[in-house]
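The block underneath contains the structure these notes are about, expressed in structure tokens.
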Amino acid sequence: MIDVIVPNYNGRHHLEICIPALLRQTRLTDVRIMVVDDCSTDDSVSFLRATYPDVAVLLLAHNQGFVAACNAAIAATDGEYVVLLNNDTECDEHWLEALVGTLEQSPTYAFAASKLLLFDRRDIIHSAGDFYRMDGIPGNRGVWQHDGPAYATCEEVFGPCAGAAAYRRCALEILAVRGHVFDTDLGMYCEDVDLNLRARLHGMRTVYVPTAIVYHRLSATGGGALASYYCGRNFVLVWLKNIPAPLFWRAFPSMLWQQLLIFGSALRHIRGEAAQARLRGQFAVFPRLGLFLRKRRDIPADVDIAVMYLTM
């Protein structure tokens with residue numbers, strides 16, 4: 001069974017596109033669709049119940065944020081495969097068949113990454129799987145590039161963007177810490193980077209599926225100062241939490257240098273709201289240092305450093 005989870009907060013206008021596209025999938029016989037609503041104040045829930053009664057809705061009692069919503073929905077389902085899909089997307093009708101089908105045919109992979117294209121420029125890539133640099137900077141393969149042969153091959157990547165990704169539930173159960181798959185202390189942004197790093201630390205691999213296509217309204221439900229703050233904070237926290245000891249001090253100077261470059265760039269644009277938010281995010285690292293350094297206790301003792309180098 002495949003559980004497709006769509007997190008939603010005040011996204012009724014997105015659901016009008018997202019849900020019909022899901023219901024047009026070529027693979028639906030073993031699929032359950034659940035929208036986890038993070039206490040929306042619009043008419044998302046009434047719209048879903050009236051228009052799509054076969055779509056399950058998980059209501060959260062109060063607004064908890066994207067990470068907590070995903071964790072709640074994962075805990076409320078039990079399918080062999082967990083698929084996460086942002087509400088501000090439109091998936092190709094063959095998306096689910098291609099994405100999960102590849103995992104079924106490739107037992108050595110734990111996660112599968114979609115090809116995310118821009119919603120309004122459908123030949124431009126947003127993510128062809130994600131990468132991670134040793135200096136703590138994550139990114140999307142192929143971002144802003146025209147789709148083409150370079151991203152048409154099924155291959156291993158560092159990890160998937162959680163905006164459109166498939167996971168073996170057995171892998172998520174191994175990675176869960178105190179019952180949570182995603183780290184709730186991150187709030188939002190980089191929660192998938194953190195999960196991907198933890199998966200690599202456990203020797204789990206991700207396959208990129210170029211035929212699993214999703215069109216994404218980039219930052220339609222976030223972005224701007226909000227993203228700048230959380231990325232400014234979480235880039236550092238995720239790095240501190242997950243880089244294993246044999247790499248930590250070797251990579252620390254490059255991570256610090258990148259943070260200084262980001263700090264300098266934000267200072268040069270200090271009048272901008274996003275630059276101010278980025279600086280606040282960087283300073284917000286310090287009160288959380290102890291918490292995230294303690295999380296390093298969850299790093300496996302037998303990390304294969306060669307695997308980390310291969311993908312980072």
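By order in the structure tokens, chains are A, B, ...; within a chain, residues start at 1; ligands start at 1, following the order shown.
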
Range 125-129 of chain A environment, 9 Å, only C-alpha atoms, sequence neighbours closer than 6 positions dropped, as a PDB file with C-alpha atoms, in the first residue's frame:
```pdb
ATOM      1  CA  ALA A 112      13.182   8.057  -4.527  1.00  0.00           C
ATOM      2  CA  ALA A 113      13.462  11.630  -5.842  1.00  0.00           C
ATOM      3  CA  SER A 114      11.140  13.199  -8.403  1.00  0.00           C
ATOM      4  CA  LYS A 115      11.969  15.615 -11.191  1.00  0.00           C
ATOM      5  CA  LEU A 116      10.523  18.943 -10.055  1.00  0.00           C
ATOM      6  CA  LEU A 117       9.887  21.491 -12.799  1.00  0.00           C
ATOM      7  CA  LEU A 118       8.620  25.054 -12.424  1.00  0.00           C
ATOM      8  CA  GLY A 139      21.030  22.546  -3.040  1.00  0.00           C
ATOM      9  CA  ASN A 140      18.920  21.262  -5.898  1.00  0.00           C
ATOM     10  CA  ARG A 141      20.565  19.517  -8.836  1.00  0.00           C
ATOM     11  CA  GLY A 142      19.869  21.325 -12.091  1.00  0.00           C
ATOM     12  CA  VAL A 143      18.094  24.265 -10.474  1.00  0.00           C
ATOM     13  CA  TRP A 144      17.140  27.001 -13.007  1.00  0.00           C
ATOM     14  CA  GLN A 145      18.519  24.929 -15.895  1.00  0.00           C
ATOM     15  CA  HIS A 146      16.545  23.848 -18.947  1.00  0.00           C
ATOM     16  CA  ASP A 147      15.424  20.252 -18.714  1.00  0.00           C
ATOM     17  CA  TYR A 151      18.754  15.019 -16.173  1.00  0.00           C
ATOM     18  CA  GLU A 156      21.822   7.787  -7.468  1.00  0.00           C
ATOM     19  CA  VAL A 157      21.664  11.210  -5.809  1.00  0.00           C
ATOM     20  CA  PHE A 158      22.293  12.485  -2.299  1.00  0.00           C
ATOM     21  CA  GLY A 159      18.603  12.675  -1.422  1.00  0.00           C
ATOM     22  CA  PRO A 160      15.131  13.758  -2.526  1.00  0.00           C
ATOM     23  CA  CYS A 161      13.406  17.095  -2.079  1.00  0.00           C
ATOM     24  CA  THR A 206      18.331   7.583  -2.980  1.00  0.00           C
ATOM     25  CA  VAL A 207      17.464   7.050  -6.641  1.00  0.00           C
ATOM     26  CA  TYR A 208      16.458   9.934  -8.914  1.00  0.00           C
ATOM     27  CA  VAL A 209      13.564   9.069 -11.250  1.00  0.00           C
ATOM     28  CA  PRO A 210      13.460  11.426 -14.263  1.00  0.00           C
ATOM     29  CA  TYR A 215       5.301  20.889 -11.521  1.00  0.00           C
ATOM     30  CA  HIS A 216       5.948  23.161  -8.546  1.00  0.00           C
ATOM     31  CA  LEU A 218       8.042  27.677  -6.279  1.00  0.00           C
TER      32      LEU A 218
END
```

(request) Mind checking which residues fall within 12 Å of Phe119 in chain A, counting only C-alpha atoms, ignoring those fewer than 2 positions away in the same chain, and posting them as an NGL selection string? (result) :A and (14 or 17-18 or 88-92 or 116-117 or 121-126 or 213-220)

(request) List every residue of range 7-226 of chain A that DSSP, applied to the backbone of this structure, places in helix (DSSP H, G or I), and write the result as number ranges by chain. (result) A: 12-23, 44-51, 66-75, 95-105, 149-151, 169-175, 184-186, 191-201, 224-226

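What separates CA of Glu155 in chain A from CA of Asn86 in chain A is a distance of 23.2 Å.
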
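Residues surrounding range 198-205 of chain A within 8 Å are Thr108, Tyr109, Ala110, Phe111, Glu156, Val157, Phe158, Gly159, Ala171, Leu175, Asp194, Leu195, Asn242, Ile299, Pro300, Val303, Asp304, Val307 and Met308 of chain A [only C-alpha atoms; sequence separation below 3 positions excluded].
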
(request) Determine, counting only C-alpha atoms, which protein, DNA and RNA residues have an atom within 7 Å of an atom of range 251-257 of chain A; residues of the same chain fewer than 5 positions away are not included. Present the result as a ChimeraX atom specification. (result) /A:134-136

(request) Tell me which of A:His94, A:Leu22, A:Ser228, A:Ile74 sits closest to Gly272 in chain A, counting only C-alpha atoms. (result)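 Smallest separation from Gly272 in chain A among the options: A:Ser228.
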
(request) Skip Ser40 in chain A itself and residues of its chain fewer than 2 positions away, then list as a PyMOL selection string all residues within 6 Å of it, counting only C-alpha atoms. (result) chain A and resi 9-10+38+42

(request) Have a look at CA of Cys70 in chain A and CA of Leu84 in chain A and let me know their distance in Å, one decimal. (result)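 Here the two named atoms are 8.1 Å from each other.
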
(request) Identify which of the residues A:Val57, A:Leu260, A:Val100, A:Cys170 lies closest to Arg27 in chain A, counting only C-alpha atoms when measuring atom-to-atom distances. (result)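 Ranked by minimum distance to Arg27 in chain A, first place goes to A:Val100.
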
(message) Run DSSP on the backbone and tell me which residues of range 4-253 of chain A come out as strand (DSSP E); list them as a ChimeraX atom specification.
(response) /A:4-8,31-37,56-59,81-85,89-91,111-118,125-128,130-132,138-140,155-157,164-168,206-216

(request) Identify, on the basis of only C-alpha atoms, every residue whose closest approach to Ile137 in chain A does not exceed 9 Å; exclude the query and any residue fewer than 4 positions from it along the same chain; express the result as number ranges by chain. (result) A: 131-133, 235-236, 239, 255, 258

(message) Show me, as a list in words, the residues that have an atom within 9 Å of Ile2 in chain A when counting only C-alpha atoms, minus same-chain residues fewer than 4 positions from it.
(response)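 Residues meeting the cut-off are Leu28, Asp30, Val31, Arg32, Ile33, Asp78, Gly79, Glu80, Tyr81, Val82, Val83 and Val100 of chain A.
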
Selection export as an mmCIF file, in the first residue's frame, atoms kept: C-alpha atoms:
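Wrote it out as part35.cif, contents follow:
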```
data_model
loop_
_atom_site.group_PDB
_atom_site.id
_atom_site.type_symbol
_atom_site.label_atom_id
_atom_site.label_comp_id
_atom_site.auth_asym_id
_atom_site.auth_seq_id
_atom_site.Cartn_x
_atom_site.Cartn_y
_atom_site.Cartn_z
ATOM 1 C CA LEU A 28 -4.370 4.289 -7.853
ATOM 2 C CA ASP A 30 -3.171 0.519 -3.960
ATOM 3 C CA VAL A 31 -2.985 4.227 -3.123
ATOM 4 C CA ARG A 32 -4.439 6.151 -0.189
ATOM 5 C CA ILE A 33 -4.407 9.945 -0.296
ATOM 6 C CA ASP A 78 0.832 2.356 7.732
ATOM 7 C CA GLY A 79 1.511 1.757 4.025
ATOM 8 C CA GLU A 80 4.715 0.136 2.866
ATOM 9 C CA TYR A 81 5.602 3.321 0.985
ATOM 10 C CA VAL A 82 5.225 6.904 2.212
ATOM 11 C CA VAL A 83 4.999 9.605 -0.463
ATOM 12 C CA VAL A 100 7.185 4.072 -6.422
#
```

(request) Have a look at CA of Ile262 in chain A and CA of Arg288 in chain A and let me know their distance in Å, one decimal. (result) 19.3 Å
